[in-house]
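Structure file my_file.txt (compact mmCIF, C-alpha atoms) is printed below.
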# COMPACT_ATOMS: atom_id res chain seq x y z
CA MET A 25 1.35 75.58 17.08
CA ALA A 26 -0.13 77.20 13.97
CA TRP A 27 -2.96 75.39 12.19
CA LYS A 28 -0.83 75.08 9.05
CA ASP A 29 1.96 73.30 10.93
CA ARG A 30 -0.54 71.11 12.79
CA ARG A 31 -2.25 70.17 9.54
CA GLY A 32 1.08 69.21 8.00
CA GLN A 33 1.94 67.09 11.05
CA ILE A 34 -1.44 65.33 10.88
CA CYS A 35 -0.91 64.60 7.18
CA TRP A 36 2.49 63.05 7.89
CA ILE A 37 1.03 60.93 10.71
CA ILE A 38 -1.71 59.65 8.39
CA ILE A 39 0.82 58.83 5.67
CA LEU A 40 3.05 56.97 8.13
CA LEU A 41 0.08 55.02 9.50
CA ILE A 42 -0.90 53.98 5.98
CA PHE A 43 2.63 52.77 5.20
CA ALA A 44 2.84 51.02 8.58
CA PHE A 45 -0.40 49.17 7.86
CA ILE A 46 0.86 48.15 4.41
CA PHE A 47 4.06 46.72 5.86
CA LEU A 48 2.11 44.96 8.63
CA ILE A 49 -0.27 43.23 6.20
CA PRO A 50 1.87 40.03 5.98
CA LEU A 51 1.94 39.71 9.79
CA ILE A 52 -1.77 40.43 10.09
CA PHE A 53 -2.57 37.91 7.36
CA MET A 54 -0.38 35.29 9.02
CA PHE A 55 -2.17 35.75 12.34
CA SER A 56 -5.55 35.72 10.58
CA MET A 57 -4.71 32.47 8.80
CA SER A 58 -3.71 30.87 12.10
CA LEU A 59 -7.23 31.47 13.46
CA ARG A 60 -9.17 30.08 10.50
CA THR A 61 -11.05 26.83 10.15
CA PRO A 62 -10.38 24.45 7.22
CA ASP A 63 -13.52 25.82 5.51
CA THR A 64 -12.36 29.44 5.63
CA ILE A 65 -8.62 28.97 5.13
CA GLY A 66 -8.83 29.62 1.40
CA LEU A 67 -10.98 32.75 1.52
CA PRO A 68 -9.19 35.79 0.03
CA LYS A 69 -9.96 38.02 3.01
CA LEU A 70 -7.65 39.74 5.44
CA PHE A 71 -10.10 39.52 8.35
CA ILE A 72 -12.69 36.88 9.20
CA PHE A 73 -15.19 36.60 12.04
CA GLU A 74 -15.33 32.82 12.34
CA ILE A 75 -12.17 32.05 14.32
CA THR A 76 -10.81 29.01 16.09
CA PHE A 77 -7.85 28.30 18.37
CA LYS A 78 -7.70 24.65 17.38
CA ASN A 79 -4.66 25.29 15.16
CA TYR A 80 -2.66 26.41 18.20
CA GLN A 81 -3.90 23.40 20.14
CA ASN A 82 -2.65 21.16 17.32
CA VAL A 83 0.80 22.72 17.46
CA PHE A 84 1.21 21.98 21.17
CA ALA A 85 -0.55 18.58 20.98
CA LYS A 86 1.54 17.28 18.08
CA ASN A 87 4.81 18.74 19.37
CA PRO A 88 5.34 17.66 23.00
CA GLN A 89 9.01 18.59 22.55
CA LEU A 90 8.12 22.23 21.72
CA PRO A 91 9.66 23.58 24.99
CA SER A 92 12.91 21.80 24.05
CA ASN A 93 12.76 23.34 20.58
CA PHE A 94 12.23 26.77 22.09
CA LEU A 95 15.12 26.26 24.52
CA GLY A 96 17.34 25.12 21.64
CA SER A 97 16.56 28.27 19.66
CA VAL A 98 17.36 30.38 22.73
CA VAL A 99 20.69 28.59 23.30
CA VAL A 100 21.76 28.94 19.66
CA THR A 101 20.65 32.56 19.39
CA VAL A 102 22.07 33.78 22.70
CA GLY A 103 25.33 31.89 22.14
CA SER A 104 25.89 33.34 18.68
CA VAL A 105 24.87 36.85 19.75
CA ALA A 106 27.27 36.79 22.72
CA LEU A 107 30.20 35.51 20.64
CA VAL A 108 29.59 37.92 17.76
CA THR A 109 29.33 40.89 20.12
CA MET A 110 32.48 39.98 22.06
CA CYS A 111 34.66 39.02 19.09
CA SER A 112 33.62 41.88 16.80
CA SER A 113 34.07 44.60 19.44
CA MET A 114 37.53 43.27 20.35
CA ALA A 115 38.46 42.97 16.65
CA VAL A 116 37.39 46.56 15.92
CA PHE A 117 39.42 47.80 18.89
CA GLY A 118 42.44 45.93 17.62
CA PHE A 119 42.05 47.08 14.01
CA SER A 120 41.60 50.72 14.99
CA ARG A 121 44.00 51.17 17.91
CA LYS A 122 46.61 48.41 17.86
CA ASN A 123 49.57 48.01 15.53
CA VAL A 124 48.68 44.53 14.30
CA HIS A 125 50.82 43.27 11.42
CA GLY A 126 48.70 42.78 8.30
CA LYS A 127 45.54 44.16 9.90
CA ILE A 128 44.43 45.91 6.70
CA LEU A 129 44.66 42.65 4.75
CA ILE A 130 42.78 40.78 7.49
CA TYR A 131 40.10 43.46 7.59
CA ASN A 132 39.62 43.36 3.80
CA ILE A 133 39.39 39.56 3.83
CA LEU A 134 36.69 39.76 6.48
CA LEU A 135 34.77 42.26 4.36
CA CYS A 136 34.99 39.95 1.34
CA THR A 137 33.20 37.23 3.29
CA LEU A 138 30.09 39.43 3.30
CA MET A 139 29.62 38.52 -0.36
CA VAL A 140 29.33 34.80 0.38
CA PRO A 141 25.71 33.69 0.98
CA LEU A 142 24.93 31.17 3.69
CA ALA A 143 23.16 28.91 1.18
CA GLY A 144 26.46 28.41 -0.64
CA LEU A 145 28.15 27.27 2.58
CA VAL A 146 25.53 24.82 3.83
CA VAL A 147 27.11 21.72 2.22
CA PRO A 148 30.74 22.33 3.34
CA LEU A 149 29.60 23.40 6.81
CA THR A 150 27.48 20.27 7.15
CA GLN A 151 30.41 18.09 6.11
CA LEU A 152 32.64 19.89 8.62
CA ASN A 153 30.07 19.45 11.38
CA SER A 154 29.84 15.76 10.54
CA LYS A 155 33.62 15.29 10.85
CA LEU A 156 33.70 17.21 14.12
CA GLY A 157 30.78 15.24 15.55
CA TRP A 158 28.56 18.30 15.75
CA ILE A 159 25.51 16.86 14.02
CA ASN A 160 22.61 17.26 16.47
CA ASN A 161 24.89 19.53 18.47
CA TYR A 162 24.15 23.21 18.98
CA MET A 163 27.83 24.05 18.48
CA GLY A 164 27.33 23.11 14.83
CA LEU A 165 25.09 26.18 14.53
CA ILE A 166 26.52 28.59 17.09
CA LEU A 167 30.04 28.72 15.63
CA PRO A 168 28.99 29.06 11.93
CA TYR A 169 26.48 31.77 12.85
CA THR A 170 29.22 33.53 14.79
CA ALA A 171 31.72 33.29 11.93
CA LEU A 172 29.18 34.64 9.45
CA GLY A 173 28.01 37.42 11.76
CA ILE A 174 31.40 38.83 12.76
CA PRO A 175 32.22 40.53 9.39
CA TYR A 176 28.92 42.40 9.34
CA ALA A 177 29.31 43.38 13.00
CA ILE A 178 32.83 44.67 12.38
CA THR A 179 31.55 46.79 9.49
CA ILE A 180 28.91 48.38 11.73
CA LEU A 181 31.18 48.94 14.74
CA GLN A 182 34.02 50.38 12.67
CA GLY A 183 32.01 53.54 12.01
CA PHE A 184 31.42 54.01 15.74
CA MET A 185 35.06 53.31 16.58
CA ILE A 186 36.27 56.00 14.20
CA GLY A 187 34.12 58.54 16.04
CA ILE A 188 35.80 57.86 19.41
CA PRO A 189 38.53 60.48 20.00
CA LYS A 190 41.96 59.04 20.61
CA GLU A 191 42.64 61.78 23.14
CA LEU A 192 40.11 60.16 25.47
CA GLU A 193 42.02 56.89 25.37
CA GLU A 194 45.36 58.64 25.80
CA ALA A 195 44.05 60.40 28.90
CA ALA A 196 42.88 57.07 30.33
CA VAL A 197 46.28 55.48 29.66
CA ILE A 198 48.05 58.38 31.39
CA ASP A 199 45.83 57.75 34.43
CA GLY A 200 47.12 54.18 34.54
CA CYS A 201 44.36 52.40 32.62
CA GLY A 202 45.50 49.11 31.05
CA SER A 203 44.40 47.71 27.70
CA MET A 204 41.71 45.43 29.12
CA ARG A 205 40.33 48.09 31.43
CA LEU A 206 40.48 50.63 28.62
CA PHE A 207 38.46 48.31 26.38
CA LEU A 208 35.85 47.36 28.98
CA GLN A 209 35.33 50.67 30.76
CA ILE A 210 36.02 53.24 28.02
CA ILE A 211 35.54 51.71 24.59
CA CYS A 212 32.58 49.35 25.16
CA PRO A 213 30.28 52.00 26.72
CA LEU A 214 31.00 54.31 23.78
CA LEU A 215 30.28 51.47 21.33
CA LYS A 216 26.93 50.70 23.00
CA PRO A 217 24.71 52.12 20.19
CA GLY A 218 26.52 50.00 17.60
CA ILE A 219 26.51 46.95 19.86
CA VAL A 220 22.73 47.24 20.22
CA VAL A 221 22.38 47.25 16.43
CA ILE A 222 24.47 44.11 15.93
CA VAL A 223 22.76 42.34 18.85
CA ILE A 224 19.34 42.86 17.25
CA TRP A 225 20.59 41.95 13.78
CA GLN A 226 22.33 38.80 14.95
CA PHE A 227 19.35 37.80 17.09
CA LEU A 228 16.96 37.98 14.14
CA THR A 229 19.40 36.22 11.81
CA SER A 230 20.15 33.33 14.17
CA TRP A 231 16.53 32.91 15.30
CA ASN A 232 15.20 32.68 11.72
CA GLU A 233 17.97 30.64 10.05
CA PHE A 234 16.59 27.48 8.43
CA PHE A 235 18.86 25.77 5.87
CA LEU A 236 21.93 25.05 7.98
CA ALA A 237 19.75 24.15 10.98
CA MET A 238 17.80 21.68 8.82
CA CYS A 239 21.02 19.93 7.74
CA THR A 240 22.63 19.97 11.19
CA LEU A 241 19.76 19.11 13.55
CA THR A 242 17.82 15.91 12.80
CA ASP A 243 16.77 14.99 16.34
CA GLU A 244 13.18 16.18 16.90
CA ALA A 245 13.92 17.31 20.46
CA LYS A 246 16.94 19.40 19.41
CA LYS A 247 15.44 21.12 16.37
CA THR A 248 15.09 24.88 16.50
CA LEU A 249 11.69 26.54 16.15
CA PRO A 250 11.88 27.35 12.40
CA LEU A 251 12.23 23.61 11.74
CA VAL A 252 9.05 22.84 13.69
CA ALA A 253 6.84 24.52 11.10
CA GLN A 254 8.33 22.39 8.31
CA GLN A 255 6.33 19.29 9.26
CA TYR A 256 3.01 21.01 8.53
CA ASN A 257 3.73 21.67 4.87
CA GLY A 258 4.74 19.14 2.23
CA ALA A 259 3.94 17.62 -1.14
CA TYR A 260 1.55 15.02 0.24
CA PHE A 261 0.49 16.50 3.58
CA SER A 262 -0.40 20.08 4.40
CA GLN A 263 -2.07 21.80 7.33
CA PRO A 264 -2.00 25.51 6.46
CA GLY A 265 -3.88 26.61 9.58
CA THR A 266 -1.52 24.78 11.91
CA LEU A 267 1.45 25.93 9.81
CA PHE A 268 0.52 29.59 10.25
CA ALA A 269 -0.11 29.01 13.96
CA ALA A 270 3.41 27.62 14.30
CA LEU A 271 4.83 30.55 12.33
CA THR A 272 2.98 32.97 14.61
CA LEU A 273 4.47 31.34 17.69
CA ILE A 274 7.94 31.60 16.13
CA THR A 275 7.42 35.30 15.34
CA ILE A 276 6.12 36.36 18.77
CA PRO A 277 9.52 36.20 20.59
CA MET A 278 11.13 38.30 17.85
CA LEU A 279 8.39 40.93 18.06
CA ILE A 280 8.66 41.10 21.85
CA PHE A 281 12.45 41.40 21.67
CA TYR A 282 12.31 44.15 19.06
CA ILE A 283 9.63 46.10 20.95
CA LEU A 284 11.83 46.06 24.05
CA VAL A 285 14.92 47.37 22.26
CA GLN A 286 13.48 49.41 19.39
CA ARG A 287 14.50 52.77 20.87
CA GLN A 288 18.10 51.68 21.33
CA PHE A 289 18.05 50.22 17.80
CA VAL A 290 16.91 53.51 16.23
CA LYS A 291 19.43 55.46 18.32
CA GLY A 292 22.19 53.13 17.15
CA LEU A 293 21.26 53.51 13.50
CA THR A 294 21.05 57.31 13.66
CA ALA A 295 24.30 57.56 15.65
CA GLY A 296 26.04 55.39 13.07
CA ALA A 297 24.69 57.57 10.27
CA ILE A 298 25.98 60.74 11.93
CA LYS A 299 29.40 59.32 12.75
CA GLY A 300 29.79 57.51 9.44
Could you express the structure from this file as structure tokens?
Amino acid sequence: MAWKDRRGQICWIIILLIFAFIFLIPLIFMFSMSLRTPDTIGLPKLFIFEITFKNYQNVFAKNPQLPSNFLGSVVVTVGSVALVTMCSSMAVFGFSRKNVHGKILIYNILLCTLMVPLAGLVVPLTQLNSKLGWINNYMGLILPYTALGIPYAITILQGFMIGIPKELEEAAVIDGCGSMRLFLQIICPLLKPGIVVIVIWQFLTSWNEFFLAMCTLTDEAKKTLPLVAQQYNGAYFSQPGTLFAALTLITIPMLIFYILVQRQFVKGLTAGAIKG
């Protein structure tokens, strides 16, 4: 490699590292705040040398139900991710390959729901959950998250579905492949990059959602993790160190999940860009 090309590559690496550090500043500051004592919590510094783990001890000591909260977040997130993935992939297959009456109208209506923010649906969804007896029930979160995630997932998968040649499906049908087998063994593997994208997106959305969870779950043992941090910040009582420790614990599972699937996520985004 010529020195000119190597120098240009080094410059790009330095620029990317600088931008990466800038975008990581909020996470670094959050972790730094979680390790500070009450005397150093207000110092305008990104790094400090006087650290303490007492804030993390307070989180576990004051929340004996924390494992239940973690399990609740896992149940809600995994349930919504599974339903969104299954329903959206089947819907895209139907919209693209099946002669469903009024499918264009149905598809456009689903796209219109993308313009409705979750905050505007919290009150009617809470009233509906109350009538169905889903207050303090994880179904009161799983099904709304699924309904709100399906339109976005369909939009993502539609671009991948268009790129699948119909001749491949016709050849499978000639070989005796039925609709269900065609969907599971032919279509789903080809939709894998898009499915990875919607799995990650839905995971992050469901794991972090706060407003609907706050209105639906009032039992301390059934609250999801984002609601746990709420008790450390208020008008008359505030523990910023413990608050940031709780936020760090909430963020760690998301970081681990994204690190494990980041390559598939990037592949899915680039594949969608090429096919779209």
### Task
Just the residues within 9 Å of Ala106 (chain A), please, counting all atoms listed in the file, with nothing from its chain fewer than 4 positions along; format it as a PyMOL selection string.
chain A and resi 101-102+110-111+170+223
### Task
Give me, please, the distance in Å between CA of Leu249 (chain A) and CA of Val220 (chain A), quoted to one decimal.
23.8 Å
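Nearest to Leu228 (chain A) of all the residues A:Ile65, A:Leu279, A:Leu40, A:Ala143 is A:Leu279, counting all atoms listed in the file.
Note that the spacing between CA of Lys247 (chain A) and CA of Tyr282 (chain A) amounts to 23.4 Å.
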### Computed interatomic separation between CA of Gln89 (chain A) and CA of Leu152 (chain A) (Å)
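Answer for the CA of Gln89 (chain A) to CA of Leu152 (chain A) separation: 27.5 Å.
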#### Entry: Residue nearest Pro277 (chain A) among A:Leu241, A:Val98, A:Asn161, A:Leu167 (counting all atoms listed in the file)
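Among the listed residues, the smallest separation from Pro277 (chain A) belongs to A:Val98.
Each of A:Ile49, A:Val147, A:Ile180, A:Ile75 was checked against Thr61 (chain A) using only C-alpha atoms; the smallest atom-to-atom distance is that of A:Ile75.
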### Query
List as a PyMOL selection string: which residues have an atom within 12 Å of (32.9, 41.1, 11.0), counting only C-alpha atoms?
chain A and resi 107-116+119+130-138+169-182+222+226
### Message
Applying 8 Å and only C-alpha atoms, which residues near Leu271 (chain A) remain after dropping the ones on its own chain fewer than 3 positions away? List them as an MDAnalysis selection string.
### Response
chainID A and resid 54 250 253 267:268 274:275
### Task
May I have the protein, DNA and RNA residues with any atom at most 10 Å from the point (43.1, 49.4, 21.5), counting only C-alpha atoms, written as a ChimeraX atom specification?
/A:114-123,190,193,202-204,206-207,211
### Message
Quick one: residues within 10 Å of Phe55 (chain A), all atoms listed in the file, excluding same-chain residues fewer than 5 positions away - as a PyMOL selection string?
### Response
chain A and resi 49-50+60+70-71+265+268-269+271-273
### Selection near Asn87 (chain A), 12 Å with only C-alpha atoms, sequence-local residues under 3 positions removed, as number ranges by chain
A: 80-84, 90-94, 244-245, 247, 249, 251-253, 255-256, 266, 270
### Message
Env of Tyr162 (chain A): 12 Å cut, atoms = all atoms listed in the file, seq-sep filter 2 positions within chain, self excluded. Answer as a ChimeraX atom specification.
### Response
/A:93,95-104,153,157-160,164-169,230,236-237,240-243,245-248
### Task
Would you please work out which residue, of A:Cys212, A:Gln286, A:Arg205, A:Trp36, is nearest to Phe184 (chain A) when using all atoms listed in the file?
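The closest residue to Phe184 (chain A) is A:Cys212.
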#### Entry: Residue with smallest distance to Met238 (chain A) - pool A:Val146, A:Leu59, A:Leu48, A:Met185, counting all atoms listed in the file
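With all atoms listed in the file as the atom set, the closest residue is A:Val146.
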